[in-house]
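**Student:** Pasting in a structure now, in structure tokens, and then I'll have a few things to ask.
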Amino acid sequence: MLPEHSYAGKVERVNVSDVSTLRAAVLGPVRAWRAEEELALGSPQQRAVLAALLLRRGRPATIGELIDAIWGDEPPAGAVTVLRTYISRLRKVLEPGREGGAAPQVIVSVPDGYRIHLSEDALDLSVFERRVAEAKKLRTSGDLVAAGELLHAALELWEGRPLNGLPGPLAESERSRLAEQRLNALEIRLDVGIQLGHHEEVVPELSALTTGYPLRERLCELLMLALYRTGRQVEALAAYRRLRKTLVAELGVEPGPPVQEMHCRILAADPTLRTPAAPQPSGPATGAAPAAQPATHAARPAQLPADLPVFTGRGSELAQSHALLPPGGEHPTAVVISAIGGMAGVGKTTLAVHWAHEIAHRFPDGQLYVNLRGFDPTSTAMPTDEAVHTFLDALGVSPEQMPGGLDARVSLYRSILAERRVLLLLDNARDTTQVRPLLPTGPGCMAIVTSRNQLTGLIANDGAQPLTLSPLTPAEARDFLSRRIGAKRLAEEPQAADEIVARCARLPLALAIVAARAATNPSFPLRAVADELRDSHGSLDAFTGGDISTDVRAVFSWSYQALSAPATRLFQLLAVHTGPDISAPAAAALAGLPLREARGLLVELTHAHLLTEHFPGRYTFHDLLRVYATECAATEEAAADRDRAVERLLTWYLHTADAASKYLTPQRPGVPLTPLPEGCRPLAFSTYDQALDWCTAERANLVAAVEHAATAAPGTAWRLAAALWGFFYLRSHTHDWHSTNQTALTAAREAHDRAGEAECLTGLANALTAAGRLDEAIGTYQQALPIYTELGDQRGCSRVTGNLGDVQLRAGRYEEAILHFHRSLRIDRALGHRWGEGIILNNLGEAYLRLGRHEEARDYLTQALSVQRGINNRWVEGVTLVHLGTVYQQLQHYDEAVEHYHMALEAHRAVGNQWGEANAIGLLAEIHLAVGDREAARAHWTQALRLLEEFDHPDADEVRAKLHALDGPVIRLAEDPAA
């Protein structure tokens, strides 16, 4: 039986082609190889598409971004079609062994775009960047020989001009960026060569480079040093004069301080220039002024704040942190940097201080601590100069020895630490720029940095190991309360304790505030404390600890106030979204912004730890941050602006769901949509998989959107519920199917929207049918039918009549079902509604099949097949082929039955109908069992079971029972035609 709402599941296709030997190059002409065979990548524009995907490093690129990359602001007509052609051709080149039905593994489709999957080692640019980064670490640790060798190996990967021969704005901009990376690596290699004493060897290369890049001051500085060390002082000074003349003539500026300082030192014949110095990663190895000598009696600072006596939890985070240091108490052989990040109030400083105390004994020369005031409510961030001065004081440098400028102070600070094993705790950092000059270079030191911002630059360029803190686990949160108010009190009221943990959203600061209130009022039952939290839910009033540092609202505000104005607005608007998370395109619709701009703002919020990117491209609030965002929106964003944002978002969900339904249920008429508001750009899909994947990812948000629309936009509520019916049936989400239609039905009735009421009644009855609640389904259809009649909607009448027949068919009332089907068929044929006609003919065939009237069944099913193939409705075609196969199976014409089941299997796989595929495979198993081939039957039922278990379909239990029954005697179907 096949009601109009029926639609079965998607098959997860298996790709057997081997892509592990693929590699690609962009540091020169764009090329690709499989093993040793170079691949023909096609036209320059096609190679530009591949390059654009490669440069994303596995991140998705939207169709719009790819079009911009190739054609810029003037794309040709049909650019989307041309782009998809390029993608198709590249897939054939990169995966020639991929079977027609198998999903691509290299260039894969994502919502509104594509993504390329290659290992890190498969792209020359990734290998280059990794080698350079490792070389920097080696240089910092003093292993100059190894650093130089690695830099040589990195630069050998270049085969000329990057992205050579590619058209488009992306190639042009990326060429400049990549060329700058190569020059930076060259400068580091030449600097290392000078430090190793290879002055003579680097002079010719530096001379050529300064000619080619006459404005590049760092190259001139290195050339001056190399010439001076080879005894060519006059040429070194001449190089400076050339640089200065060029800068003044072309830019009207003087050379920068490092080059000027090198010039002065050469003029003064500074003796320290003659001998290579230890590497200084923050600047020229020998370009800084000679460091002042540290104090004769070195101080041993011990500046760590006191550890928290009741510290608890964070076992996995502490284990991860301890793993950064060598085992067995050995001293680190390179600088170790740990960057601890997370949202306000999550306990970054508490963890950092506790861990620092645990490892302090491994740093015998002391511990330094500074609060950098990056997010301080009462003062500005600490200037780097002040922090360095504070550390030099602690290290015993007298006022007479204190250098005047920042560079000189940093040089002295690092010189002192180079010979010591010191632990540094740099707390509450604003950004990487504030931290970097404070990092030691000595191999025995360690720096722990905490920040509310993601210190990406510190991680990427300085080798910092990130540790992002999340709220406590439920068990840790209970232990947190137990340590502060006593285990006995928690044991007496376990339910109240659990509610307190939930209301505090497991945030340490919130738990500490509530625990302090409970501890200072020991006579209060925990139930009363939980009631206070519940009564203030929706605000942060309960989380005020008496001073600004223990007020959750104030602590959140320090991060909030550091945002840009556009990010502030997006943060507020995100509070009106009622779903559990939000995608970047949905956030763009909410804010009425282009996707690229919205993504930038989401990155800003994520870096500030005001939002969490829990899955690539998907973002969520911590519960208390959502409350804070709601408060901010209520006070700072006009109600009309919030309402417009809600309208944009709900309409975006509606139009995108409708676009998905056109792939999930092709040829089925949809409901009329509400107009798109300005700034709302719904997604478009190009494949069935894209549409289904989007619905799966957004399922919880779509349900929440229907609930939100029920009060904000009832017309959108019932339309969105109607657009989702195919997906809900496809994945057996019967509960969501029922609840969304029930919610939308209530809203439509309150709005006196008769068309919406009829649509929701039909959808609700469909869900009841799928759940097996047949009597309720019949009653609900019977409520819908007079409304469609009242509205003059003949297609609606036909749909309900046909679905009533479907319910009667399921209930075993075949003659009644046939009467309903014939009524529906007459209406569909009069309307020319081929979609409905094909389904009804199929259902009539099934009804006669159930009655054992095989000739009539075959006649209707053959007619159904003709209609379905005429409109290319492969989904229903697959179902009809199964029924025809069953006709032949019951007539014991097994060859014809097998042939039709295989054709059905092909149709189901073509549209991704996973339930239909499993059903056809199960029927093939029955034929194998009928002819006595137990093992073939077992193999087929095992395959069917695997498919059904992937989306937890209830039919899986029936297949398990059949597999279990194989151990019993064989019952041949030939002996029981009714089986």
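We label chains A, B, ... in the order they appear in the structure tokens, count residues from 1 in each chain, and number ligands from 1 in the order shown.
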Can you list every residue of range 643-704 of chain A that has an atom at most 12 Å from range 741-759 of chain A, with its nearest atom pair and the distance in Å to one decimal, using only C-alpha atoms, ordered by chain then number, as JSON lines?
**Tutor:**
{"residue": "A:Gly670", "atom": "CA", "partner": "A:Glu759", "partner_atom": "CA", "distance": 10.9}
{"residue": "A:Val671", "atom": "CA", "partner": "A:Glu759", "partner_atom": "CA", "distance": 8.9}
{"residue": "A:Pro672", "atom": "CA", "partner": "A:Ala755", "partner_atom": "CA", "distance": 10.7}
{"residue": "A:Leu673", "atom": "CA", "partner": "A:Gly756", "partner_atom": "CA", "distance": 11.9}
{"residue": "A:Val703", "atom": "CA", "partner": "A:Thr743", "partner_atom": "CA", "distance": 9.8}
{"residue": "A:Ala704", "atom": "CA", "partner": "A:Thr743", "partner_atom": "CA", "distance": 10.5}
**Student:** Quick one: DSSP strand (DSSP E or B) residues in range 171-417 of chain A, as a PyMOL selection string?
**Tutor:** chain A and resi 302+336-341+367-371
**Student:** Give the answer as one residue: which of A:Ser564, A:Gln868, A:Ser43, A:Thr696 has the shortest atom-to-atom distance to Val30 in chain A, using only C-alpha atoms?
**Tutor:**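 Answer, going by the shortest atom-to-atom distance: A:Ser43.
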**Student:** May I have all residues of range 613-643 of chain A that DSSP, computed from the backbone, assigns to alpha helix (DSSP H), given as number ranges by chain?
**Tutor:** A: 623-636, 639-643
**Student:** Can you write out as CSV which residues of range 50-90 of chain A fall within 12 Å of range 144-164 of chain A, alongside each residue's closest atom pair and its distance in Å to one decimal, counting only C-alpha atoms and ordering rows by chain and ascending residue number?
**Tutor:**
residue,atom,partner,partner_atom,distance
A:Leu50,CA,A:Leu163,CA,10.8
A:Ala51,CA,A:Leu163,CA,7.7
A:Ala52,CA,A:Leu163,CA,10.2
A:Leu54,CA,A:Leu163,CA,11.3
A:Leu55,CA,A:Leu163,CA,10.6
**Student:** Keeping only C-alpha atoms, write the selected residues to a file as a short mmCIF file (atom, residue, chain, number, x, y, z; two decimals), in the first residue's frame.
**Tutor:**
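Wrote part.cif, looks like this:
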data_model
loop_
_atom_site.label_atom_id
_atom_site.label_comp_id
_atom_site.auth_asym_id
_atom_site.auth_seq_id
_atom_site.Cartn_x
_atom_site.Cartn_y
_atom_site.Cartn_z
CA LEU A 50 39.84 22.48 -8.00
CA ALA A 51 42.29 25.05 -6.64
CA ALA A 52 39.52 26.92 -4.85
CA LEU A 54 42.03 22.68 -2.30
CA LEU A 55 42.76 26.05 -0.73
#
**Student:** What's around range 351-355 of chain A at 8 Å? Count only C-alpha atoms, leave out sequence neighbours fewer than 4 positions away in its own chain, and write the answer as a list in words.
**Tutor:**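 Answer for this query is Leu304, Pro305, Ala306, Asp307, Leu308, Phe311, Arg314, Leu318, Ser321, Ile340, Gly347, Ile359, Leu425, Ile448 and Thr450 of chain A.
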**Student:** Excluding Ala477 in chain A and its own-chain neighbours fewer than 3 positions away, which residues fall within 9 Å of it when counting only C-alpha atoms? Please give them as a list in words.
**Tutor:** Thr312, Gly313, Pro471, Leu472, Thr473, Pro474, Phe480, Leu481, Ser482, Val501, Arg506, Leu507, Pro508 and Leu511 of chain A
